[in-house]
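Below is target-v3.txt, which holds compact mmCIF, C-alpha atoms.
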```txt
# COMPACT_ATOMS: atom_id res chain seq x y z
CA MET A 721 -29.08 16.16 0.87
CA LYS A 722 -29.48 15.98 -2.88
CA LYS A 723 -28.64 19.66 -3.15
CA SER A 724 -25.46 19.26 -1.17
CA ARG A 725 -24.46 16.25 -3.30
CA GLU A 726 -24.98 18.33 -6.41
CA PHE A 727 -22.90 21.13 -4.93
CA ASN A 728 -20.09 18.68 -4.06
CA ASP A 729 -20.13 17.45 -7.67
CA ILE A 730 -19.98 20.99 -9.03
CA LEU A 731 -17.19 21.92 -6.64
CA ASP A 732 -15.26 18.82 -7.69
CA GLU A 733 -15.81 19.60 -11.36
CA CYS A 734 -14.49 23.14 -10.86
CA LEU A 735 -11.50 21.85 -8.94
CA GLU A 736 -10.74 19.40 -11.73
CA ARG A 737 -10.88 22.24 -14.26
CA LEU A 738 -8.71 24.39 -12.03
CA LEU A 739 -6.14 21.81 -10.97
CA VAL A 740 -5.88 19.55 -13.98
CA LYS A 741 -7.13 21.38 -17.03
CA GLY A 742 -5.55 24.75 -16.29
CA GLY A 743 -8.86 26.62 -16.04
CA THR A 744 -9.44 29.76 -13.97
CA ILE A 745 -11.74 30.53 -11.05
CA GLU A 746 -13.56 33.11 -13.17
CA GLU A 747 -14.37 30.55 -15.89
CA CYS A 748 -15.84 28.22 -13.33
CA LEU A 749 -17.89 30.94 -11.67
CA ALA A 750 -19.21 31.96 -15.08
CA SER A 751 -20.45 28.38 -15.60
CA TYR A 752 -22.37 28.43 -12.28
CA PRO A 753 -23.33 32.06 -11.63
CA GLU A 754 -26.06 31.07 -9.16
CA LEU A 755 -23.42 29.37 -6.97
CA ALA A 756 -20.61 31.88 -7.53
CA ALA A 757 -20.76 33.41 -4.06
CA GLU A 758 -20.45 30.01 -2.43
CA LEU A 759 -17.91 28.58 -4.84
CA GLU A 760 -15.45 31.47 -5.04
CA PRO A 761 -14.00 31.36 -1.50
CA LEU A 762 -13.69 27.57 -1.68
CA LEU A 763 -11.86 27.67 -4.99
CA GLN A 764 -9.54 30.38 -3.69
CA THR A 765 -8.73 28.20 -0.69
CA ALA A 766 -8.03 25.24 -2.96
CA VAL A 767 -5.64 27.38 -5.01
CA ALA A 768 -3.90 28.43 -1.78
CA ALA A 769 -3.60 24.79 -0.71
CA ARG A 770 -2.14 23.90 -4.05
CA LYS A 771 0.82 26.20 -3.39
CA ALA A 772 2.34 23.38 -1.36
CA SER A 773 2.75 21.39 -4.55
CA VAL A 774 5.92 23.39 -5.27
CA ILE A 775 7.70 21.56 -2.43
CA GLN A 776 10.42 19.34 -3.81
CA PRO A 777 12.81 16.86 -2.24
CA ARG A 778 16.34 18.21 -1.64
CA PRO A 779 18.68 17.28 -4.52
CA GLU A 780 21.05 15.55 -2.05
CA PHE A 781 18.20 13.47 -0.67
CA ARG A 782 16.97 12.69 -4.16
CA ALA A 783 20.46 11.48 -5.15
CA LYS A 784 20.91 9.48 -1.97
CA ALA A 785 17.45 7.92 -2.18
CA ARG A 786 17.94 7.01 -5.83
CA TYR A 787 21.27 5.44 -5.03
CA GLN A 788 19.87 3.47 -2.07
CA LEU A 789 17.02 2.18 -4.20
CA ARG A 790 19.40 1.10 -6.93
CA SER A 791 21.53 -0.69 -4.31
CA ALA A 792 18.43 -2.42 -2.93
CA LEU A 793 17.42 -3.48 -6.45
CA GLN A 794 20.88 -4.85 -7.13
CA ALA A 795 20.98 -6.61 -3.79
CA MET A 796 17.68 -8.33 -4.61
CA GLU A 797 18.98 -9.24 -8.03
CA SER A 798 22.17 -10.72 -6.64
CA ARG A 799 20.25 -12.67 -3.99
CA LYS A 800 18.02 -14.04 -6.73
CA SER A 801 20.89 -15.00 -9.03
CA ARG A 802 23.45 -16.08 -6.46
CA PRO A 803 24.41 -19.68 -7.20
CA PHE A 804 24.13 -22.39 -4.63
CA PHE A 805 27.88 -22.37 -4.21
CA GLY A 806 28.06 -18.56 -3.86
CA TRP A 807 29.17 -18.70 -0.26
CA GLN A 808 31.84 -21.17 -1.22
CA ARG A 809 33.22 -18.78 -3.84
CA ARG A 810 33.87 -16.20 -1.15
CA TRP A 811 35.77 -18.76 0.88
CA VAL A 812 37.73 -19.81 -2.19
CA THR A 813 38.76 -16.18 -2.65
CA ALA A 814 39.85 -15.93 0.96
CA VAL A 815 41.78 -19.16 0.80
CA THR A 816 43.40 -18.04 -2.46
CA VAL A 817 44.59 -14.86 -0.79
CA VAL A 818 46.06 -16.82 2.08
CA LEU A 819 47.78 -19.21 -0.36
CA VAL A 820 49.15 -16.31 -2.41
CA LEU A 821 50.37 -14.76 0.80
CA LEU A 822 52.15 -17.97 1.80
CA LEU A 823 53.59 -18.72 -1.63
CA THR A 824 54.82 -15.25 -2.49
CA GLY A 825 55.83 -14.16 0.96
CA GLY A 826 53.22 -11.43 0.82
CA GLY A 827 54.79 -9.60 -2.13
CA THR A 828 51.77 -9.90 -4.42
CA VAL A 829 49.34 -8.89 -1.73
CA ALA A 830 51.51 -5.93 -0.79
CA ALA A 831 51.68 -4.88 -4.44
CA ALA A 832 47.91 -5.34 -4.81
CA SER A 833 47.20 -2.98 -1.91
CA ASN A 834 48.15 -0.04 -4.13
CA SER A 835 46.41 -1.29 -7.26
CA MET A 836 43.55 0.63 -8.85
CA PRO A 837 40.25 -0.72 -10.24
CA ASP A 838 41.64 -0.97 -13.76
CA GLY A 839 44.70 -2.92 -12.56
CA THR A 840 45.14 -6.68 -12.81
CA LEU A 841 45.80 -7.04 -9.07
CA TYR A 842 42.68 -5.14 -8.02
CA PRO A 843 40.60 -8.32 -7.34
CA VAL A 844 43.42 -9.45 -5.01
CA LYS A 845 43.21 -6.09 -3.24
CA LEU A 846 39.46 -6.49 -2.68
CA ALA A 847 39.81 -10.08 -1.53
CA THR A 848 42.62 -9.11 0.85
CA GLU A 849 40.38 -6.44 2.32
CA GLN A 850 37.65 -9.03 2.96
CA VAL A 851 40.18 -11.23 4.75
CA TRP A 852 41.47 -8.22 6.70
CA LEU A 853 37.95 -7.42 7.81
CA ALA A 854 37.07 -11.03 8.60
CA LEU A 855 40.22 -11.55 10.66
CA THR A 856 39.66 -8.41 12.72
CA PRO A 857 37.74 -9.72 15.72
CA SER A 858 36.58 -6.62 17.60
CA SER A 859 33.88 -4.23 16.46
CA LEU A 860 36.13 -1.25 17.06
CA GLY A 861 38.85 -2.84 14.95
CA LYS A 862 36.36 -3.56 12.17
CA ALA A 863 35.12 0.03 12.32
CA LYS A 864 38.67 1.28 11.87
CA VAL A 865 39.24 -1.09 8.95
CA LEU A 866 35.99 0.06 7.31
CA THR A 867 37.00 3.70 7.71
CA LYS A 868 40.35 2.98 6.06
CA LEU A 869 38.59 1.09 3.25
CA ALA A 870 36.29 4.06 2.70
CA ASP A 871 39.39 6.21 2.32
CA ARG A 872 40.76 3.79 -0.28
CA ARG A 873 37.47 3.89 -2.21
CA VAL A 874 37.54 7.69 -2.39
CA VAL A 875 41.11 7.59 -3.73
CA GLU A 876 39.93 5.08 -6.34
CA ILE A 877 36.92 7.22 -7.32
CA ILE A 878 39.21 10.20 -7.89
CA TYR A 879 41.57 8.01 -9.91
CA MET A 880 38.72 6.71 -12.10
CA ALA A 881 37.34 10.25 -12.51
CA ASN A 882 40.71 11.24 -13.90
CA LYS A 883 40.35 8.37 -16.34
CA GLY A 884 36.80 9.49 -17.23
CA ASN A 885 35.28 6.14 -16.29
CA ALA A 886 31.77 6.84 -14.91
CA GLN A 887 30.76 3.19 -14.74
CA GLN A 888 33.66 2.28 -12.45
CA ILE A 889 32.93 5.32 -10.27
CA GLU A 890 29.39 4.00 -9.75
CA VAL A 891 30.65 0.55 -8.83
CA ILE A 892 33.21 1.93 -6.36
CA THR A 893 30.60 4.29 -4.91
CA GLN A 894 28.46 1.25 -4.13
CA ARG A 895 31.39 -0.26 -2.24
CA LEU A 896 31.95 3.03 -0.42
CA ASP A 897 28.29 3.09 0.60
CA LYS A 898 28.49 -0.49 1.81
CA HIS A 899 31.51 0.32 4.01
CA LEU A 900 29.80 3.36 5.51
CA VAL A 901 26.48 1.58 6.08
CA THR A 902 28.33 -1.26 7.86
CA LEU A 903 30.20 1.31 9.91
CA VAL A 904 26.90 2.89 11.03
CA ARG A 905 25.54 -0.54 11.98
CA LEU A 906 28.59 -1.17 14.16
CA ALA A 907 28.22 2.13 16.03
CA PRO A 908 25.85 0.93 18.79
CA VAL A 909 28.24 -1.87 19.72
CA LEU A 910 31.13 0.58 19.94
CA LYS A 911 29.52 2.58 22.70
CA ALA A 912 30.46 -0.07 25.28
CA PRO A 913 34.19 -0.34 26.25
CA GLN A 914 35.85 -3.09 24.27
CA VAL A 915 38.75 -5.45 24.37
CA LEU A 916 40.92 -5.53 21.27
CA ALA A 917 42.63 -8.74 20.30
CA PRO A 918 46.45 -8.67 20.23
CA SER A 919 46.37 -9.51 16.54
CA GLU A 920 44.98 -6.13 15.68
CA GLY A 921 48.36 -4.43 15.36
CA ALA A 922 50.73 -2.29 17.32
CA GLU A 923 48.02 -0.18 18.87
CA ALA A 924 46.52 -3.28 20.40
CA ASP A 925 49.90 -4.38 21.78
CA ARG A 926 50.24 -1.13 23.63
CA ASP A 927 46.68 -0.90 24.74
CA VAL A 928 44.76 -4.09 25.25
CA PHE A 929 41.87 -2.48 27.05
CA VAL A 930 40.56 0.08 24.73
CA GLY A 931 37.58 2.19 25.61
CA ALA A 932 36.78 5.82 25.20
CA ASN A 933 40.21 6.87 23.89
CA SER A 934 40.21 4.48 20.98
CA GLN A 935 36.66 5.32 20.10
CA ALA A 936 37.58 8.98 20.22
CA GLU A 937 40.42 8.29 17.77
CA LEU A 938 37.98 6.59 15.45
CA ARG A 939 35.59 9.51 15.72
CA ILE A 940 38.38 11.96 14.91
CA MET A 941 39.33 9.91 11.86
CA ILE A 942 35.72 9.77 10.65
CA ALA A 943 35.21 13.50 11.31
CA ARG A 944 38.35 14.25 9.29
CA TYR A 945 37.20 12.11 6.37
CA ALA A 946 33.71 13.62 6.59
CA ILE A 947 35.32 16.92 5.59
CA GLU A 948 38.19 15.75 3.41
CA HIS A 949 36.43 13.17 1.25
CA PRO A 950 33.47 15.27 0.02
CA ALA A 951 35.88 18.21 -0.46
CA ALA A 952 38.25 16.10 -2.58
CA LEU A 953 35.35 14.74 -4.62
CA ARG A 954 33.88 18.22 -5.13
CA ASN A 955 37.27 19.45 -6.24
CA MET A 956 37.38 16.60 -8.73
CA LEU A 957 33.84 17.42 -9.88
CA GLU A 958 34.96 20.87 -11.02
CA LYS A 959 37.79 19.45 -13.10
CA SER A 960 35.99 16.43 -14.56
CA PRO A 961 34.32 16.03 -17.93
CA ASP A 962 30.49 16.14 -17.99
CA SER A 963 30.29 12.40 -18.64
CA VAL A 964 31.46 11.52 -15.11
CA LYS A 965 29.77 14.36 -13.22
CA PRO A 966 26.50 12.53 -12.37
CA ALA A 967 28.49 9.59 -10.98
CA LEU A 968 30.71 11.95 -8.98
CA ARG A 969 27.69 13.80 -7.59
CA GLN A 970 26.32 10.47 -6.45
CA ALA A 971 29.65 9.68 -4.77
CA ILE A 972 29.59 13.08 -3.01
CA ALA A 973 26.03 12.49 -1.79
CA VAL A 974 26.96 9.04 -0.50
CA SER A 975 30.07 10.29 1.31
CA VAL A 976 28.30 13.29 2.87
CA ALA A 977 25.33 11.24 4.06
CA GLY A 978 27.42 8.20 5.07
CA TYR A 979 29.84 10.09 7.30
CA GLU A 980 27.05 12.22 8.72
CA ASP A 981 25.14 9.08 9.69
CA ALA A 982 28.29 7.48 11.13
CA LEU A 983 29.08 10.52 13.28
CA MET A 984 25.50 10.76 14.52
CA ALA A 985 25.47 7.06 15.33
CA LEU A 986 28.68 7.39 17.33
CA ASP A 987 27.44 10.39 19.35
CA MET B 583 6.94 6.12 -20.14
CA GLN B 584 5.29 2.80 -20.87
CA ASP B 585 1.77 2.15 -19.65
CA GLU B 586 1.68 1.65 -15.93
CA GLU B 587 0.23 -1.82 -15.97
CA SER B 588 3.02 -3.29 -18.09
CA LEU B 589 5.63 -1.47 -16.00
CA VAL B 590 4.17 -2.94 -12.84
CA ARG B 591 4.14 -6.43 -14.33
CA ARG B 592 7.78 -6.08 -15.31
CA ALA B 593 8.67 -4.70 -11.89
CA GLN B 594 6.94 -7.68 -10.28
CA GLN B 595 9.31 -9.88 -12.27
CA ARG B 596 12.21 -7.94 -10.73
CA ASP B 597 12.86 -5.75 -13.74
CA GLN B 598 15.01 -3.02 -12.16
CA GLU B 599 14.43 -0.47 -14.92
CA ALA B 600 10.65 -0.84 -14.66
CA PHE B 601 10.66 -0.31 -10.91
CA ALA B 602 13.01 2.66 -11.32
CA GLN B 603 10.52 4.27 -13.74
CA LEU B 604 7.64 3.77 -11.32
CA TYR B 605 9.81 5.23 -8.58
CA GLU B 606 10.72 8.35 -10.58
CA ALA B 607 7.09 8.93 -11.57
CA ASN B 608 5.85 8.90 -7.97
CA PHE B 609 8.76 10.01 -5.80
CA ASP B 610 8.01 13.76 -5.57
CA LYS B 611 4.29 13.25 -5.00
CA ILE B 612 4.84 10.80 -2.19
CA TYR B 613 7.42 13.07 -0.59
CA ARG B 614 5.08 16.08 -0.71
CA TYR B 615 2.25 14.06 0.78
CA VAL B 616 4.42 12.81 3.64
CA VAL B 617 6.05 16.17 4.41
CA LEU B 618 2.67 17.90 4.56
CA ARG B 619 1.19 15.21 6.78
CA ILE B 620 4.01 15.04 9.32
CA GLY B 621 5.54 18.52 9.01
CA ASN B 622 9.13 17.44 9.44
CA GLU B 623 11.48 17.33 6.49
CA THR B 624 14.06 14.91 7.87
CA GLU B 625 11.46 12.43 9.01
CA ALA B 626 9.63 12.85 5.70
CA GLU B 627 12.79 11.96 3.79
CA ASP B 628 13.32 8.78 5.78
CA MET B 629 9.68 7.83 5.48
CA THR B 630 9.52 8.49 1.74
CA GLN B 631 12.51 6.26 1.18
CA GLN B 632 10.96 3.58 3.39
CA VAL B 633 7.72 3.71 1.37
CA PHE B 634 9.62 2.75 -1.77
CA LEU B 635 11.74 0.11 -0.06
CA ASN B 636 8.55 -1.43 1.36
CA ALA B 637 6.95 -1.26 -2.07
CA LEU B 638 9.96 -3.00 -3.56
CA GLN B 639 9.73 -5.75 -0.95
CA SER B 640 6.06 -6.35 -1.48
CA ILE B 641 5.41 -5.46 -5.10
CA SER B 642 4.74 -9.11 -5.92
CA SER B 643 1.63 -8.89 -3.72
CA PHE B 644 0.19 -5.98 -5.72
CA ARG B 645 -2.91 -6.96 -7.72
CA TRP B 646 -4.65 -4.92 -10.38
CA LYS B 647 -8.13 -4.09 -9.20
CA GLY B 648 -8.76 -1.03 -11.31
CA ALA B 649 -6.77 1.27 -9.03
CA PRO B 650 -3.55 2.81 -10.29
CA PHE B 651 -0.21 1.76 -8.86
CA SER B 652 0.18 5.19 -7.27
CA ALA B 653 -2.91 4.54 -5.13
CA TRP B 654 -1.16 1.47 -3.73
CA LEU B 655 2.00 3.51 -3.01
CA PHE B 656 -0.04 6.22 -1.29
CA ARG B 657 -1.74 3.54 0.76
CA ILE B 658 1.67 2.37 2.00
CA ALA B 659 2.63 6.00 2.72
CA HIS B 660 -0.71 6.58 4.47
CA ASN B 661 -0.16 3.56 6.74
CA GLN B 662 3.33 4.74 7.63
CA VAL B 663 2.12 8.27 8.36
CA VAL B 664 -0.67 6.94 10.57
CA ASP B 665 1.78 4.71 12.40
CA TYR B 666 4.22 7.61 12.84
CA LEU B 667 1.57 9.99 14.16
CA ARG B 668 0.27 7.34 16.53
CA LYS B 669 3.72 6.78 17.98
CA LYS B 670 4.51 10.44 18.23
CA THR B 671 3.40 11.71 21.59
CA ARG B 672 2.67 15.22 20.41
CA GLN B 673 1.30 16.36 17.13
CA ALA B 674 3.97 17.62 14.75
CA THR B 675 3.55 21.36 14.79
CA GLU B 676 7.10 22.46 14.22
CA SER B 677 7.60 24.90 11.39
CA LEU B 678 9.12 23.90 8.11
CA ASP B 679 12.86 23.45 7.96
CA GLU B 680 14.70 26.36 6.42
CA SER B 681 16.21 23.93 3.96
CA LEU B 682 12.87 22.87 2.51
CA VAL B 683 13.29 23.08 -1.23
CA ILE B 684 10.84 25.05 -3.27
CA SER B 685 10.97 24.86 -7.04
CA LYS B 686 11.47 28.54 -7.86
CA SER B 687 14.67 30.44 -8.48
CA ASP B 688 13.42 33.92 -7.52
CA PRO B 689 14.48 34.42 -3.84
CA GLN B 690 11.64 36.84 -3.13
CA LEU B 691 9.10 34.36 -4.47
CA VAL B 692 10.69 31.53 -2.49
CA VAL B 693 10.35 33.51 0.76
CA GLU B 694 6.71 34.29 0.00
CA GLN B 695 5.95 30.71 -0.90
CA ARG B 696 7.70 29.44 2.21
CA LEU B 697 5.47 31.67 4.34
CA ASP B 698 2.39 30.49 2.45
CA ILE B 699 3.34 26.85 2.91
CA GLU B 700 4.17 27.31 6.58
CA GLN B 701 0.81 28.98 7.11
CA LEU B 702 -0.92 26.21 5.21
CA MET B 703 0.78 23.50 7.26
CA LEU B 704 -0.17 25.14 10.53
CA ALA B 705 -3.75 25.56 9.31
CA THR B 706 -4.07 21.92 8.21
CA LYS B 707 -3.17 20.82 11.75
CA GLN B 708 -6.54 22.18 12.84
CA LEU B 709 -8.37 19.87 10.45
CA THR B 710 -9.48 16.33 11.20
CA LYS B 711 -7.14 13.52 10.10
CA ALA B 712 -9.41 12.64 7.19
CA GLN B 713 -9.61 16.26 6.08
CA GLN B 714 -5.82 16.60 6.26
CA GLU B 715 -5.53 13.45 4.20
CA VAL B 716 -7.81 14.68 1.46
CA ILE B 717 -6.07 18.09 1.27
CA ALA B 718 -2.64 16.45 1.03
CA LEU B 719 -3.69 13.92 -1.58
CA ARG B 720 -5.89 16.14 -3.70
CA PHE B 721 -4.10 19.49 -3.70
CA VAL B 722 -0.49 18.78 -2.78
CA SER B 723 0.10 15.41 -4.44
CA GLU B 724 -2.44 16.28 -7.15
CA LEU B 725 -4.38 13.01 -7.25
CA SER B 726 -7.80 12.85 -8.89
CA THR B 727 -10.93 12.32 -6.78
CA ALA B 728 -11.12 8.71 -7.99
CA GLN B 729 -7.50 8.07 -6.95
CA VAL B 730 -8.06 9.68 -3.55
CA ALA B 731 -11.09 7.43 -3.10
CA LYS B 732 -8.95 4.34 -3.75
CA VAL B 733 -6.24 5.47 -1.32
CA MET B 734 -8.70 6.32 1.42
CA GLY B 735 -10.95 3.34 0.81
CA LYS B 736 -14.02 5.57 0.35
CA SER B 737 -16.56 6.10 -2.40
CA GLY B 738 -16.13 8.97 -4.83
CA GLY B 739 -19.16 10.70 -3.32
CA ALA B 740 -17.73 10.43 0.17
CA VAL B 741 -14.43 11.93 -0.99
CA LYS B 742 -16.22 14.82 -2.66
CA ALA B 743 -18.14 15.53 0.54
CA LEU B 744 -14.97 15.27 2.60
CA GLN B 745 -13.16 17.53 0.16
CA HIS B 746 -15.90 20.15 0.58
CA SER B 747 -15.78 20.05 4.36
CA ALA B 748 -11.95 20.05 4.32
CA ILE B 749 -11.82 23.19 2.17
CA VAL B 750 -14.36 24.94 4.37
CA ALA B 751 -12.39 24.00 7.50
CA LEU B 752 -9.10 25.02 5.90
CA ARG B 753 -10.51 28.37 4.85
CA LYS B 754 -11.66 28.98 8.42
CA ALA B 755 -8.28 27.94 9.83
CA LEU B 756 -6.39 30.15 7.37
CA SER B 757 -8.55 33.16 8.12
CA VAL B 758 -8.11 32.69 11.87
CA GLY B 759 -4.35 32.05 11.61
```
structure tokens encoding of this file:
Amino acid sequence: MKKSREFNDILDECLERLLVKGGTIEECLASYPELAAELEPLLQTAVAARKASVIQPRPEFRAKARYQLRSALQAMESRKSRPFFGWQRRWVTAVTVVLVLLLTGGGTVAAASNSMPDGTLYPVKLATEQVWLALTPSSLGKAKVLTKLADRRVVEIIYMANKGNAQQIEVITQRLDKHLVTLVRLAPVLKAPQVLAPSEGAEADRDVFVGANSQAELRIMIARYAIEHPAALRNMLEKSPDSVKPALRQAIAVSVAGYEDALMALD
Amino acid sequence: MQDEESLVRRAQQRDQEAFAQLYEANFDKIYRYVVLRIGNETEAEDMTQQVFLNALQSISSFRWKGAPFSAWLFRIAHNQVVDYLRKKTRQATESLDESLVISKSDPQLVVEQRLDIEQLMLATKQLTKAQQEVIALRFVSELSTAQVAKVMGKSGGAVKALQHSAIVALRKALSVG
């Protein structure tokens, strides 16, 4: 018993020298010549097992995981710091949009829809999108809105890449991720045939009962963006300065993974 | 990198940068441990990410008791692996995904290493759960004996004995395979 305990200690000591201190099998065997025959095959096996330490996470997974963690950290931070009246602020924004819509006949909101993140009307654009989403009653309708919003975000990322603004790209990428994550969450509900409300536009007027066809349309749109968006971002990556490349790579990882998840969830 | 204890204290006070540093320091090791234990890259990716999200959720409950922070992370990973294997009806014996990334640029070397790793993963399946655990922690995630003891909740002596039996069993499995 004592002998085996001593052997375990010696084996462990040799492994420590081999694995941590960069020693060799031969050096260890020279220290314990009387145990060399027993130690050698065990140390060789340990070296073989150590070969698995070259496994690394895929770069895309690493980027996606890092991004998701950062989002989770920020979400926790915002939950912690959100003021008591935080929910009210969102309603104030919505009401403001409606008031602007009423007072300007929709001109400002229409102008805002084309604004970019560095434009003065961009907050109106974002608020209008929230109202658009909130006023879309069906899950299928919301999914379509989210897909269109994702398209807008990619256009904005490319615009900000042209401006060399990495910080804005990161912020917009977070919004893109949020749209795609919400889209994935909606997918299980979409599998059942749905009824679209008449307020959801011309398509709804023509087709009140929307089932497989409309879902197929959504899938086609997502499948198209799953190819077009990463391709457009990769194209931009080649042309962009080094300062925005990490942010663009993150955007590519988010779009690839997000659409992939959405398509899988819909299948 | 700052000393681990102060990083953990900052992370417990919701310091994002501190948690991000702890994450970067442990991410690859946790991933390697999980992928070796369950043998499926996609599942390993999901599980690795979940380990860190769980850690983020519960970091305030972490208490210093002489064990490093990584031991706590590996404990979370260990629990998730055990849960996964329990739920899985058959043992994961599928070969490694072709896409598994190996940190070498020489294609010939990558092919050889992939074969070595695949052989190793198949061989470890013939070991007991505890032996698999010690191989993954000690040789793949490169933890010290003391750290492995903390993760597995065993004494240092018990880990050394387990390590010995695991290497003997692995050698036998590799020579048979």
Proximal residues of chain A relative to chain B (all atoms listed in the file; 10 Å) as a ChimeraX atom specification: /A:724-725,727-733,735-736,739-740,761-779,781-782,784-786,788-790,792-794,796-797,800
Kindly save the residues from that selection, with C-alpha atoms included, as a PDB file, in the frame of the given file.
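So out.pdb came out as:
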```pdb
ATOM      1  CA  SER A 724     -25.460  19.260  -1.170  1.00  0.00           C
ATOM      2  CA  ARG A 725     -24.460  16.250  -3.300  1.00  0.00           C
ATOM      3  CA  PHE A 727     -22.900  21.130  -4.930  1.00  0.00           C
ATOM      4  CA  ASN A 728     -20.090  18.680  -4.060  1.00  0.00           C
ATOM      5  CA  ASP A 729     -20.130  17.450  -7.670  1.00  0.00           C
ATOM      6  CA  ILE A 730     -19.980  20.990  -9.030  1.00  0.00           C
ATOM      7  CA  LEU A 731     -17.190  21.920  -6.640  1.00  0.00           C
ATOM      8  CA  ASP A 732     -15.260  18.820  -7.690  1.00  0.00           C
ATOM      9  CA  GLU A 733     -15.810  19.600 -11.360  1.00  0.00           C
ATOM     10  CA  LEU A 735     -11.500  21.850  -8.940  1.00  0.00           C
ATOM     11  CA  GLU A 736     -10.740  19.400 -11.730  1.00  0.00           C
ATOM     12  CA  LEU A 739      -6.140  21.810 -10.970  1.00  0.00           C
ATOM     13  CA  VAL A 740      -5.880  19.550 -13.980  1.00  0.00           C
ATOM     14  CA  PRO A 761     -14.000  31.360  -1.500  1.00  0.00           C
ATOM     15  CA  LEU A 762     -13.690  27.570  -1.680  1.00  0.00           C
ATOM     16  CA  LEU A 763     -11.860  27.670  -4.990  1.00  0.00           C
ATOM     17  CA  GLN A 764      -9.540  30.380  -3.690  1.00  0.00           C
ATOM     18  CA  THR A 765      -8.730  28.200  -0.690  1.00  0.00           C
ATOM     19  CA  ALA A 766      -8.030  25.240  -2.960  1.00  0.00           C
ATOM     20  CA  VAL A 767      -5.640  27.380  -5.010  1.00  0.00           C
ATOM     21  CA  ALA A 768      -3.900  28.430  -1.780  1.00  0.00           C
ATOM     22  CA  ALA A 769      -3.600  24.790  -0.710  1.00  0.00           C
ATOM     23  CA  ARG A 770      -2.140  23.900  -4.050  1.00  0.00           C
ATOM     24  CA  LYS A 771       0.820  26.200  -3.390  1.00  0.00           C
ATOM     25  CA  ALA A 772       2.340  23.380  -1.360  1.00  0.00           C
ATOM     26  CA  SER A 773       2.750  21.390  -4.550  1.00  0.00           C
ATOM     27  CA  VAL A 774       5.920  23.390  -5.270  1.00  0.00           C
ATOM     28  CA  ILE A 775       7.700  21.560  -2.430  1.00  0.00           C
ATOM     29  CA  GLN A 776      10.420  19.340  -3.810  1.00  0.00           C
ATOM     30  CA  PRO A 777      12.810  16.860  -2.240  1.00  0.00           C
ATOM     31  CA  ARG A 778      16.340  18.210  -1.640  1.00  0.00           C
ATOM     32  CA  PRO A 779      18.680  17.280  -4.520  1.00  0.00           C
ATOM     33  CA  PHE A 781      18.200  13.470  -0.670  1.00  0.00           C
ATOM     34  CA  ARG A 782      16.970  12.690  -4.160  1.00  0.00           C
ATOM     35  CA  LYS A 784      20.910   9.480  -1.970  1.00  0.00           C
ATOM     36  CA  ALA A 785      17.450   7.920  -2.180  1.00  0.00           C
ATOM     37  CA  ARG A 786      17.940   7.010  -5.830  1.00  0.00           C
ATOM     38  CA  GLN A 788      19.870   3.470  -2.070  1.00  0.00           C
ATOM     39  CA  LEU A 789      17.020   2.180  -4.200  1.00  0.00           C
ATOM     40  CA  ARG A 790      19.400   1.100  -6.930  1.00  0.00           C
ATOM     41  CA  ALA A 792      18.430  -2.420  -2.930  1.00  0.00           C
ATOM     42  CA  LEU A 793      17.420  -3.480  -6.450  1.00  0.00           C
ATOM     43  CA  GLN A 794      20.880  -4.850  -7.130  1.00  0.00           C
ATOM     44  CA  MET A 796      17.680  -8.330  -4.610  1.00  0.00           C
ATOM     45  CA  GLU A 797      18.980  -9.240  -8.030  1.00  0.00           C
ATOM     46  CA  LYS A 800      18.020 -14.040  -6.730  1.00  0.00           C
TER      47      LYS A 800
END
```
Interatomic distance, CA of Ala832 in chain A to CA of Glu849 in chain A (Å, one decimal):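 The value is 10.4 Å.
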Point-to-point distance in Å for CA of Gly978 in chain A and CA of Tyr842 in chain A: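 Going from CA of Tyr842 in chain A over to CA of Gly978 in chain A, I get 24.1 Å.
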Pairwise distance for CA of Ala847 in chain A and CA of Asp871 in chain A, rounded to one decimal in Å: 16.7 Å
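Checking B:Lys711, B:Lys670, B:Ile658, B:Gly735 one by one against Ile641 in chain B, counting all atoms listed in the file, you find the shortest gap at B:Ile658.
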Shortest interatomic distance to Ala653 in chain B - which of B:Gln729, B:Gln603, B:Asn608, B:Ser757, counting only C-alpha atoms: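 Closest to Ala653 in chain B of all the choices is B:Gln729.
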Please return the centre and edge lengths, in Å to one decimal, of a box with edges along x, y and z that contains all listed atoms of range 874-891 of chain A, widened by 4 Å on every side, as AutoDock Vina command-line options.
```
--center_x 35.5 --center_y 5.9 --center_z -9.8 --size_x 20.2 --size_y 18.7 --size_z 22.8
```
Minimum-distance residue to Phe656 in chain B, chosen among B:Leu589, B:Ala705, B:Ala731, B:Ala600 (using all atoms listed in the file): B:Ala731
Who sits within 8 Å of range 974-977 of chain A, all atoms listed in the file, same chain under 6 positions skipped, as a VMD selection string: chain A and resid 784 893 896 to 897 946 949 to 950
Any idea what's packed within 9 Å of Ser963 in chain A, counting all atoms listed in the file, ignoring anything in its chain fewer than 6 positions away? Could you give it as a JSON list (two decimals) with C-alpha atoms, in the frame of the given file?
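Result file is around.json:
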```
[["chain", "number", "residue", "atom", "x", "y", "z"],
["A", 884, "GLY", "CA", 36.80, 9.49, -17.23],
["A", 885, "ASN", "CA", 35.28, 6.14, -16.29],
["A", 886, "ALA", "CA", 31.77, 6.84, -14.91]]
```
